[in-house]
$ cat protein.pdb   # PDB, C-alpha atoms
ATOM      1  CA  GLY A   1      92.635 109.662 121.711
ATOM      2  CA  LYS A   2      91.351 107.120 124.140
ATOM      3  CA  THR A   3      93.398 104.144 125.246
ATOM      4  CA  THR A   4      91.415 100.977 125.755
ATOM      5  CA  TYR A   5      92.614  98.361 128.199
ATOM      6  CA  ILE A   6      91.634  94.698 128.188
ATOM      7  CA  LEU A   7      91.133  93.362 131.686
ATOM      8  CA  PRO A   8      92.288  89.754 132.083
ATOM      9  CA  GLU A   9      90.209  87.133 133.893
ATOM     10  CA  ASP A  10      93.041  86.544 136.388
ATOM     11  CA  PRO A  11      93.190  89.536 138.800
ATOM     12  CA  ASN A  12      96.981  89.042 139.277
ATOM     13  CA  THR A  13      97.682  89.701 135.573
ATOM     14  CA  PRO A  14      98.107  93.386 134.604
ATOM     15  CA  PRO A  15      95.737  94.805 131.969
ATOM     16  CA  THR A  16      97.028  95.029 128.390
ATOM     17  CA  LYS A  17      96.545  97.788 125.835
ATOM     18  CA  GLU A  18      94.221  96.997 122.969
ATOM     19  CA  ALA A  19      95.615  97.565 119.490
ATOM     20  CA  LYS A  20      93.936 100.343 117.551
ATOM     21  CA  PRO A  21      92.205  99.045 114.425
ATOM     22  CA  GLY A  22      94.132  99.689 111.200
ATOM     23  CA  VAL A  23      97.481 100.214 112.931
ATOM     24  CA  ASP A  24     100.192  97.949 111.570
ATOM     25  CA  ARG A  25     102.050  96.532 114.563
ATOM     26  CA  GLU A  26     104.897  95.085 112.442
ATOM     27  CA  ALA A  27     105.696  98.334 110.596
ATOM     28  CA  ARG A  28     108.220 100.758 112.074
ATOM     29  CA  TRP A  29     109.177 104.433 111.914
ATOM     30  CA  VAL A  30     112.327 105.693 110.243
ATOM     31  CA  LYS A  31     113.659 109.205 109.692
ATOM     32  CA  LYS A  32     114.887 109.791 106.143
ATOM     33  CA  GLY A  33     116.345 113.256 105.763
ATOM     34  CA  ASN A  34     113.974 115.401 107.812
ATOM     35  CA  LYS A  35     110.903 113.284 107.041
ATOM     36  CA  LEU A  36     109.465 110.585 109.252
ATOM     37  CA  GLN A  37     108.124 107.562 107.389
ATOM     38  CA  TYR A  38     106.171 104.599 108.724
ATOM     39  CA  GLY A  39     106.077 101.221 107.074
ATOM     40  CA  TYR A  40     108.367  98.776 105.307
ATOM     41  CA  LYS A  41     111.362  98.664 102.980
ATOM     42  CA  ARG A  42     111.680  96.497  99.916
ATOM     43  CA  HIS A  43     115.039  95.103  98.852
ATOM     44  CA  TYR A  44     115.440  93.778  95.305
ATOM     45  CA  LEU A  45     118.187  91.732  93.730
ATOM     46  CA  ALA A  46     118.073  92.330  89.978
ATOM     47  CA  ALA A  47     120.127  90.891  87.132
ATOM     48  CA  GLU A  48     122.666  93.377  85.819
ATOM     49  CA  ASP A  49     122.274  92.420  82.161
ATOM     50  CA  THR A  50     118.449  92.396  81.918
ATOM     51  CA  GLY A  51     117.349  94.291  85.019
ATOM     52  CA  LEU A  52     114.830  91.547  85.879
ATOM     53  CA  VAL A  53     114.101  91.062  89.587
ATOM     54  CA  LEU A  54     115.593  87.816  90.918
ATOM     55  CA  ALA A  55     114.885  88.153  94.663
ATOM     56  CA  VAL A  56     112.674  90.216  96.962
ATOM     57  CA  HIS A  57     113.145  90.826 100.671
ATOM     58  CA  THR A  58     110.854  92.944 102.870
ATOM     59  CA  THR A  59     111.815  94.465 106.223
ATOM     60  CA  ALA A  60     110.422  97.001 108.646
ATOM     61  CA  ALA A  61     111.446 100.554 107.729
ATOM     62  CA  ASN A  62     113.877 100.894 110.641
ATOM     63  CA  VAL A  63     116.080  97.961 109.522
ATOM     64  CA  HIS A  64     119.374  99.191 108.040
ATOM     65  CA  ASP A  65     119.914  98.277 104.377
ATOM     66  CA  GLY A  66     123.319  96.779 105.105
ATOM     67  CA  GLN A  67     121.741  93.959 107.117
ATOM     68  CA  CYS A  68     119.656  92.666 104.187
ATOM     69  CA  MET A  69     122.212  91.647 101.585
ATOM     70  CA  ALA A  70     122.565  88.058 102.820
ATOM     71  CA  SER A  71     118.778  87.563 102.785
ATOM     72  CA  CYS A  72     118.565  88.564  99.123
ATOM     73  CA  LEU A  73     121.603  86.503  98.120
ATOM     74  CA  ASP A  74     120.232  83.410  99.900
ATOM     75  CA  GLN A  75     117.253  83.376  97.524
ATOM     76  CA  VAL A  76     119.287  82.900  94.330
ATOM     77  CA  THR A  77     122.242  80.950  93.016
ATOM     78  CA  LEU A  78     124.594  83.311  91.235
ATOM     79  CA  PRO A  79     127.556  82.190  89.138
ATOM     80  CA  GLU A  80     130.926  82.698  90.777
ATOM     81  CA  GLY A  81     132.513  86.006  89.806
ATOM     82  CA  SER A  82     129.174  87.825  89.410
ATOM     83  CA  ARG A  83     129.276  91.478  90.372
ATOM     84  CA  ILE A  84     126.797  92.724  92.976
ATOM     85  CA  LEU A  85     125.882  96.392  92.548
ATOM     86  CA  ALA A  86     124.469  98.241  95.536
ATOM     87  CA  ASP A  87     124.182 101.773  96.834
ATOM     88  CA  LYS A  88     126.194 103.100  99.769
ATOM     89  CA  GLY A  89     123.582 101.925 102.284
ATOM     90  CA  TYR A  90     125.019  98.423 101.829
ATOM     91  CA  CYS A  91     128.632  99.521 102.323
ATOM     92  CA  SER A  92     130.137  97.548 105.208
ATOM     93  CA  VAL A  93     133.059  95.265 105.948
ATOM     94  CA  LYS A  94     130.574  92.487 106.743
ATOM     95  CA  ASN A  95     128.955  92.703 103.279
ATOM     96  CA  ASP A  96     132.355  92.819 101.543
ATOM     97  CA  GLN A  97     133.357  89.650 103.431
ATOM     98  CA  LEU A  98     130.028  88.004 102.577
ATOM     99  CA  LEU A  99     130.565  88.627  98.870
ATOM    100  CA  ARG A 100     134.145  87.307  99.030
ATOM    101  CA  GLN A 101     133.005  84.140 100.821
ATOM    102  CA  ARG A 102     130.431  83.468  98.088
ATOM    103  CA  GLY A 103     132.900  84.143  95.282
ATOM    104  CA  LEU A 104     131.113  87.307  94.162
ATOM    105  CA  ARG A 105     132.626  90.654  93.211
ATOM    106  CA  SER A 106     131.697  93.782  95.113
ATOM    107  CA  GLY A 107     130.076  96.646  93.265
ATOM    108  CA  ILE A 108     128.969  98.408  96.435
ATOM    109  CA  GLN A 109     129.374 102.174  96.344
ATOM    110  CA  ARG A 110     131.792 103.590  98.907
ATOM    111  CA  LYS A 111     130.474 105.751 101.715
ATOM    112  CA  ALA A 112     132.031 108.797 103.345
ATOM    113  CA  HIS A 113     132.174 108.922 107.131
ATOM    114  CA  LYS A 114     132.013 111.818 109.541
ATOM    115  CA  HIS A 115     135.770 112.422 109.800
ATOM    116  CA  ARG A 116     136.843 110.652 106.605
ATOM    117  CA  PRO A 117     135.615 112.034 103.285
ATOM    118  CA  LEU A 118     135.798 109.960 100.108
ATOM    119  CA  SER A 119     139.156 109.851  98.363
ATOM    120  CA  VAL A 120     139.504 110.799  94.698
ATOM    121  CA  TRP A 121     139.715 107.094  93.814
ATOM    122  CA  GLU A 122     136.524 106.286  95.773
ATOM    123  CA  LYS A 123     134.638 109.117  94.034
ATOM    124  CA  ARG A 124     135.724 107.759  90.621
ATOM    125  CA  TYR A 125     134.749 104.249  91.671
ATOM    126  CA  ASN A 126     131.268 105.434  92.684
ATOM    127  CA  ARG A 127     130.845 107.280  89.372
ATOM    128  CA  LEU A 128     131.817 104.150  87.420
ATOM    129  CA  LEU A 129     129.269 102.085  89.339
ATOM    130  CA  CYS A 130     126.521 104.635  88.607
ATOM    131  CA  ARG A 131     126.806 103.751  84.922
ATOM    132  CA  SER A 132     125.476 100.253  85.652
ATOM    133  CA  ARG A 133     123.318 100.858  88.721
ATOM    134  CA  TYR A 134     120.616 102.629  86.726
ATOM    135  CA  LYS A 135     119.235  99.211  85.775
ATOM    136  CA  ILE A 136     118.542  98.425  89.408
ATOM    137  CA  GLU A 137     117.176 101.901  90.199
ATOM    138  CA  ARG A 138     114.908 101.554  87.148
ATOM    139  CA  VAL A 139     113.093  98.726  88.956
ATOM    140  CA  PHE A 140     111.962 101.052  91.766
ATOM    141  CA  GLY A 141     111.040 103.893  89.406
ATOM    142  CA  SER A 142     109.095 101.620  87.064
ATOM    143  CA  ILE A 143     107.151  99.951  89.861
ATOM    144  CA  LYS A 144     106.244 103.373  91.258
ATOM    145  CA  ARG A 145     105.214 104.652  87.819
ATOM    146  CA  TRP A 146     103.335 101.533  86.638
ATOM    147  CA  PHE A 147     101.619 100.592  89.883
ATOM    148  CA  GLY A 148     101.098 104.105  91.224
ATOM    149  CA  ARG A 149     103.002 103.957  94.500
ATOM    150  CA  LEU A 150     105.743 102.430  96.577
ATOM    151  CA  GLU A 151     103.700 102.352  99.803
ATOM    152  CA  ALA A 152     102.335  99.200 101.363
ATOM    153  CA  GLY A 153      98.731  98.524 100.487
ATOM    154  CA  TYR A 154      98.247  95.962 103.237
ATOM    155  CA  VAL A 155      98.649  95.609 106.987
ATOM    156  CA  GLY A 156     101.243  93.110 108.152
ATOM    157  CA  MET A 157     104.700  92.017 107.023
ATOM    158  CA  SER A 158     103.595  88.859 105.192
ATOM    159  CA  LYS A 159     100.894  90.627 103.156
ATOM    160  CA  THR A 160     103.199  93.510 102.329
ATOM    161  CA  HIS A 161     105.923  91.073 101.254
ATOM    162  CA  GLY A 162     103.351  89.341  99.057
ATOM    163  CA  GLN A 163     102.552  92.705  97.460
ATOM    164  CA  HIS A 164     106.261  93.319  96.805
ATOM    165  CA  VAL A 165     106.689  89.857  95.231
ATOM    166  CA  LEU A 166     103.634  90.308  92.994
ATOM    167  CA  GLU A 167     104.856  93.740  91.877
ATOM    168  CA  ALA A 168     108.256  92.229  91.033
ATOM    169  CA  ILE A 169     106.600  89.442  89.014
ATOM    170  CA  ALA A 170     104.419  91.955  87.161
ATOM    171  CA  TYR A 171     107.490  94.136  86.509
ATOM    172  CA  ASN A 172     109.369  91.139  85.057
ATOM    173  CA  PHE A 173     106.407  90.171  82.828
ATOM    174  CA  TYR A 174     106.052  93.756  81.621
ATOM    175  CA  ARG A 175     109.755  94.017  80.724
ATOM    176  CA  LEU A 176     110.212  90.508  79.276
ATOM    177  CA  PRO A 177     108.818  91.069  75.743
ATOM    178  CA  GLY A 178     111.141  94.033  75.184
ATOM    179  CA  ILE A 179     114.144  92.033  76.418
ATOM    180  CA  ILE A 180     113.266  89.064  74.159
ATOM    181  CA  MET A 181     112.790  91.324  71.139
ATOM    182  CA  SER A 182     116.089  93.102  71.742
ATOM    183  CA  LYS A 183     117.945  89.725  71.810
ATOM    184  CA  ALA A 184     116.326  88.526  68.540
TER     185      ALA A 184
END
$ encode --input "protein.pdb" --output "structure tokens"
Amino acid sequence: GKTTYILPEDPNTPPTKEAKPGVDREARWVKKGNKLQYGYKRHYLAAEDTGLVLAVHTTAANVHDGQCMASCLDQVTLPEGSRILADKGYCSVKNDQLLRQRGLRSGIQRKAHKHRPLSVWEKRYNRLLCRSRYKIERVFGSIKRWFGRLEAGYVGMSKTHGQHVLEAIAYNFYRLPGIIMSKA
């Protein structure tokens, strides 16, 4: 394709590349498995008992999951002693310390490393956490099933974050009658 350059009025200033229309400049590439994906990631904080979404955080696709826990926790006030369930992407010493500082219990799955496989205890621990984590994974599956996709429908971080928040609100409204009826 052609590259278009914008020539500045000042001859001492170098020309700049013009952005192609429809290209999201805030989105980033990430390689997941053997597939390249372009866009954003959504991070949800959901209540363990009801599965309702409490917080939403949106990042570019290349941001590591482990860096986003504090952003989600900053959006809510959780009672001391609450357990935070997360997959192994959030496994880090920094996140364990963050949870301890806030008086929260860690339910982060353990992750194997290149020269250190998981111990028998860590494998059991991960299996125990899977019994509760389905409620959080259900959020992603339901949003994909009910709203038809998990891709961004807009260009730009703020619009995409707005989409993620609206999907979380719609998910909560959709689930709420069933939760109320089950408590009655």
$ resolve_selection --input "protein.pdb" --expression "the PyMOL selection byres ((chain A and resi 130) around 12)" --output "ChimeraX atom specification"
/A:85-88,107-110,123-129,131-137
$ atom_distance --input "protein.pdb" --atom1 "CA of Pro79 in chain A" --atom2 "CA of Ala47 in chain A"
11.6 Å
$ residues_around --input "protein.pdb" --residues "Ile143 in chain A" --least-positions-apart "2" --cutoff "10 Å" --atoms "all atoms listed in the file" --output "JSON, numbers by chain"
{"A": [138, 139, 140, 141, 145, 146, 147, 148, 149, 150, 164, 167, 168, 170, 171]}
$ axis_aligned_box --input "protein.pdb" --around "range 28-32 of chain A" --padding-each-side "6 Å" --output "lines of an AutoDock Vina configuration file"
center_x = 111.6
center_y = 105.3
center_z = 109.1
size_x = 18.7
size_y = 21.0
size_z = 17.9
$ atom_distance --input "protein.pdb" --atom1 "CA of His113 in chain A" --atom2 "CA of Arg83 in chain A"
24.4 Å
$ resolve_selection --input "protein.pdb" --expression "the PyMOL selection byres ((chain A and resi 42) around 9)" --output "list in words"
Tyr40, Lys41, His43, Tyr44, Val56, His57, Thr58, Thr59, Ala60, Ala61, His161 and His164 of chain A
$ resolve_selection --input "protein.pdb" --expression "the PyMOL selection byres ((chain A and resi 105) around 6)" --output "JSON list (two decimals) with C-alpha atoms, in the coordinates of the input"
[["chain", "number", "residue", "atom", "x", "y", "z"],
["A", 81, "GLY", "CA", 132.51, 86.01, 89.81],
["A", 82, "SER", "CA", 129.17, 87.82, 89.41],
["A", 83, "ARG", "CA", 129.28, 91.48, 90.37],
["A", 104, "LEU", "CA", 131.11, 87.31, 94.16],
["A", 106, "SER", "CA", 131.70, 93.78, 95.11]]
